[in-house]
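Down below is the structure, laid out as structure tokens.
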Amino acid sequence: MVLPSRHDPRTLARQVRPISWQLFGSAFGLSVIGLVLISSASAELTTDYVSRQSVWIVAGVLVLVAAALVNYSVLLRHAFWIYLASVAAVAAVTFFGHEAGGARSWIGIGGFGGQPSDFCKIATVLLLARRLAGYRSPVPPRGGLWATVAIVAVPVLLIARQPDLGGALMFVPVLAAMAAVTGVSVRSALAAAAVALALGGALWIFALQDYQKDRVLSYFRPQADPLGSGYQVRQSRIAVGSGQALGKGPGEGTQSNLRFLPTPHTDFVFAVLAEEYGFLGVTLVLVLFLLYLGNGVRVALAARDPAGLLLVVGLLAFIAGHVLYNTAMVVGLLPITGIPLPFLSYGGSFMLFCCAATGLIIGLDLRRFVNV
Amino acid sequence: MNLETPGHEHSADRVVLLMATRLKRLAGSLAVAFFVVLSSYWYLQIVRSEHYWRLAENNRLRVLRLEAPRGLIHDRSGHLLVENVPSFRLLIDRSLSADLEASLVFAANILDRDEEGLKESLRRYRGAPRDVPVLLAEELELNQVALFEVAIPEHPEFEIAATRRRLYRYGDQAAHLLGYLSEPTAAEQERDPTLVAGDMIGRSGVEQLRDRELRGTAGERTVVVDSRGRIAASEDVDRTDARAGESVTLTVDLGLQQEAQKLLEGKVGSIVALDPRDGAVRAMVSSPSFDPNGFAGRLDQEDWERIVGAPNKPLQNRAIHNAYPPGSVFKIAMAVAALADGLIDPKEEVYCGGSTRLYDRRWRCWQARGHGRLDLRGALQHSCDVYFYRQGRKMGIERIARYARMLGLGRRTGIEFPAERAGLVPDPEWSRSSRGLPWYPGETISVAIGQGPVLTSPLQIAVMTAAVANGGFLVQPHVFEGGARPPEPTGVDADVIAFVTEALANVVAAGTGRTAGTPIVQVAGKTGTAQVIAQATWTRSEDLPFEHADHAWFTSYAPVEAPELVVVVFVEHGGRGSEAAAPLARRMVETYFGSPVQT
């Protein structure tokens, strides 16, 4: 039973402990580092990305606090409707949305663009958490694993259709992590992987645009197309390697300032970091991410209910997936696709997603003594 | 398709505990993944950092060449003969063109060129990045430059680049002397690493001889560029200025050179003028000529073939690259040879009846009615062939050859230009080794009047004449100021030279060279009319077809008292020396000695 008094903000404030502060602190620290890097990377650009990102950070803090105050069990209870609404929004922009960077994924909000797919990420995790938690209850939910896969497949296909391959791809580790924690059998996991592969094949043939195929192919032979996507990998690696141990110094990154680096303020912001602050800066930021994720995991471990635990795992999987893919893509370990770096990359709705996720995790931590 | 068999206990606590265990394992693999990512940054930033640092520097820094302006070429009085003038090139940045087709139509209109031709020149750059400006046209007129500059708001794809072009101010008037430029071949670029494509190097004449000095040294500028190759920093990272090529001053007299070219217009031949005191060339002209300005740009294959394949070989410098029978101008050498050993008494007279019979053959004098009785002086004055036939037989080929060589014939004069012809002074030794034939005594008779196998270049005749004019010294012709070598004594006695000098003055005063006489200054000279083919029948030269017509020669110097200028005129198939060559020599002398020309 829920005791309303336990959800009173004043009661909650007393529950704030070092884990939450560290979560908030690392997220905020990463956002500030991102702001510095964006200011360096966009020095030559006409748009004032620094001011915009500052606005997003402020909005993000508000969203974080709000998300921490919302009772997540209420959200879980209405997860299906939240999910439905967000999928509808994604479907709407997919077919009628504003086109930017070759993808229909944007809605405009007073001059700032936003992507409903970022909102859809949280909704999907909510629904997945609720459903997977049910497997351990005496009355398992209907539809079995297939229905679970379908929950992920719908937004993935819609987002891939936009086409935002990276955004779609990021749902995969989320499902995998949540299923693993739930304890899906190896057989089921293999079956799901086989289905995913088949789905991927279908995607390759029917949904992917030629430039996306080129990107994936160029990952396997970067020299083939020096001015295409292979060129981007190459320039990004040069930026990283030339940063050496201590970096070229703030604002001194030649690869980013002279525009050899593609999209230095968004997807390749980590390359700017590597170039200007060297291996030292890279290590510092990765340690901050580990701190963030580690504290997130501690929150999950302290959770009292399976749904809450799975919710945190799903949100962390989203953040960790973005961090690992983005940092690996910058050095050419993975094909280049539009996957931003949480907290550091410029981008409004993605920043709000990260903050909302952080807020939900903190909210869970605050309610760790609450029985669901 | 099933989840693990649910445990007996479905309590939330038990489930959460199980999930936590799995989550810990998952967190472990997450840490490993982070470690893998960090290791790859370690590899790039620590292990391979030098490599990537270099690549970043290569990206950022571009070395631009600063072209060295080529040295100028002046005449002896400082008149500019060759200079560099601004030249405008049209570049196009295809990435900035909204409609390439329309851009080319626009450019073709201004350039007054065919659009297809422009398309053709663009085709060479098909593989190049589209946002790097490429060459569309060269040598734009100023008004075309203005039209493109005005159009830049609507046509930002066009860009005008200023470079330098070599200008030969007097076009074809000194082409053989000055030479021309062209781009270095791949092999030449390999041999000389300072050369790059687009450079120009001297191909003939002074441009080739002094190429190293004229070329100067290119400089270098290291700049910071962005990914589109645009200069991104106002200050250069590094800069070595170009060193301009050295200027060259020639011994040539522009006025005289121009006059010589004008005199040979429409004719085939050569005029050489030099200072007999030191061999400084004052004029050297070969006709037909060519315009080296045509070469300074990029000559297309068609133009090149037109010039190389033209009749009368305009690229050949007839003053040094070809040798011809000297005809009667050879009688100067004959006179020296006759007197030098005291073999012939200059007062000894020979009767000329228009022909003479030697070695069972009739040898004709050019004057069919004969000259009557003549001594050496008279024979030179009237250029009597019979006199020299008879004395030549007496002198013998060895003596003739020896003195001809002492006067500089039969060997290269040593002028700076390459590929000079040595000509030929024949003797029995040459006949045996080169022809494999014995020397026929009759050939000596032909050589005595400058016919038969003997061949000389106009410049050799000038050197021979200079030796007479300067009192017996061989000069080395040269075209560079300060390039004089001390004249070498020929070994011919001064009184022999004095006799010939006096006789040659008489040729112009009262002999075959009267048409070279001028009131301005006293001129000495000798005419020559060289037969091109052995004439079986006596036909007047004017009636022969051009390619069989006689070559006209005239060699002269002035003033007689203190000679300053030797002028040799050679007109291929021009007819008689007295008619086709001597009047041109007069104009040269009048031009040089400065008084208004009276005709």
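Following the order of the structure tokens, chains are lettered A, B, ..., residues in each are numbered from 1, and ligands are numbered from 1.
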Tell me, counting only C-alpha atoms, for each residue of stretch 375-430 of chain B within 10 Å of stretch 485-493 of chain B, which pair of atoms is nearest and how far apart they are in Å to one decimal, in rows ordered by chain and increasing number, as a tab-separated table.
residue	atom	partner	partner_atom	distance
B:Tyr403	CA	B:Val492	CA	8.5
B:Arg405	CA	B:Thr490	CA	9.3
B:Met406	CA	B:Thr490	CA	5.6
B:Leu407	CA	B:Thr490	CA	6.5
B:Gly408	CA	B:Thr490	CA	8.5
Export, as an mmCIF file, in the first residue's frame, the selected residues with C-alpha atoms.
data_model
loop_
_atom_site.group_PDB
_atom_site.id
_atom_site.type_symbol
_atom_site.label_atom_id
_atom_site.label_comp_id
_atom_site.auth_asym_id
_atom_site.auth_seq_id
_atom_site.Cartn_x
_atom_site.Cartn_y
_atom_site.Cartn_z
ATOM 1 C CA TYR B 403 93.777 29.959 -94.331
ATOM 2 C CA ARG B 405 90.282 27.820 -91.029
ATOM 3 C CA MET B 406 92.626 30.491 -89.683
ATOM 4 C CA LEU B 407 89.833 32.962 -90.412
ATOM 5 C CA GLY B 408 87.364 30.933 -88.366
#
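Omitting B:Asn109 and its sequence neighbours fewer than 5 positions away, and counting only C-alpha atoms, the residues within 12 Å are Ala102, Ser103, Leu104, Asp114, Glu115, Glu116, Leu118, Gln144, Leu147 and Phe148 of chain B.
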message: If we count only C-alpha atoms and set the cut-off at 9 Å, which residues sit around B:Leu209, ignoring sequence neighbours fewer than 6 positions away in its own chain? Please answer as a PyMOL selection string.
response: chain B and resi 202-203+416-418
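Taking only C-alpha atoms into account, A:Arg259 lies nearest to B:Asn59 out of the set B:Ser383, B:Ser289, B:Gln189, B:Asn59.
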| request: Return as a VMD selection string the residues belonging to chain B that are within 9 Å of chain A, counting only C-alpha atoms. | output: chain B and resid 1 to 4 6 to 7 10 to 13 15 to 24 26 to 27 30 to 31 33 to 34 37 to 38 40 to 57 59 to 60 129 224 to 228 232
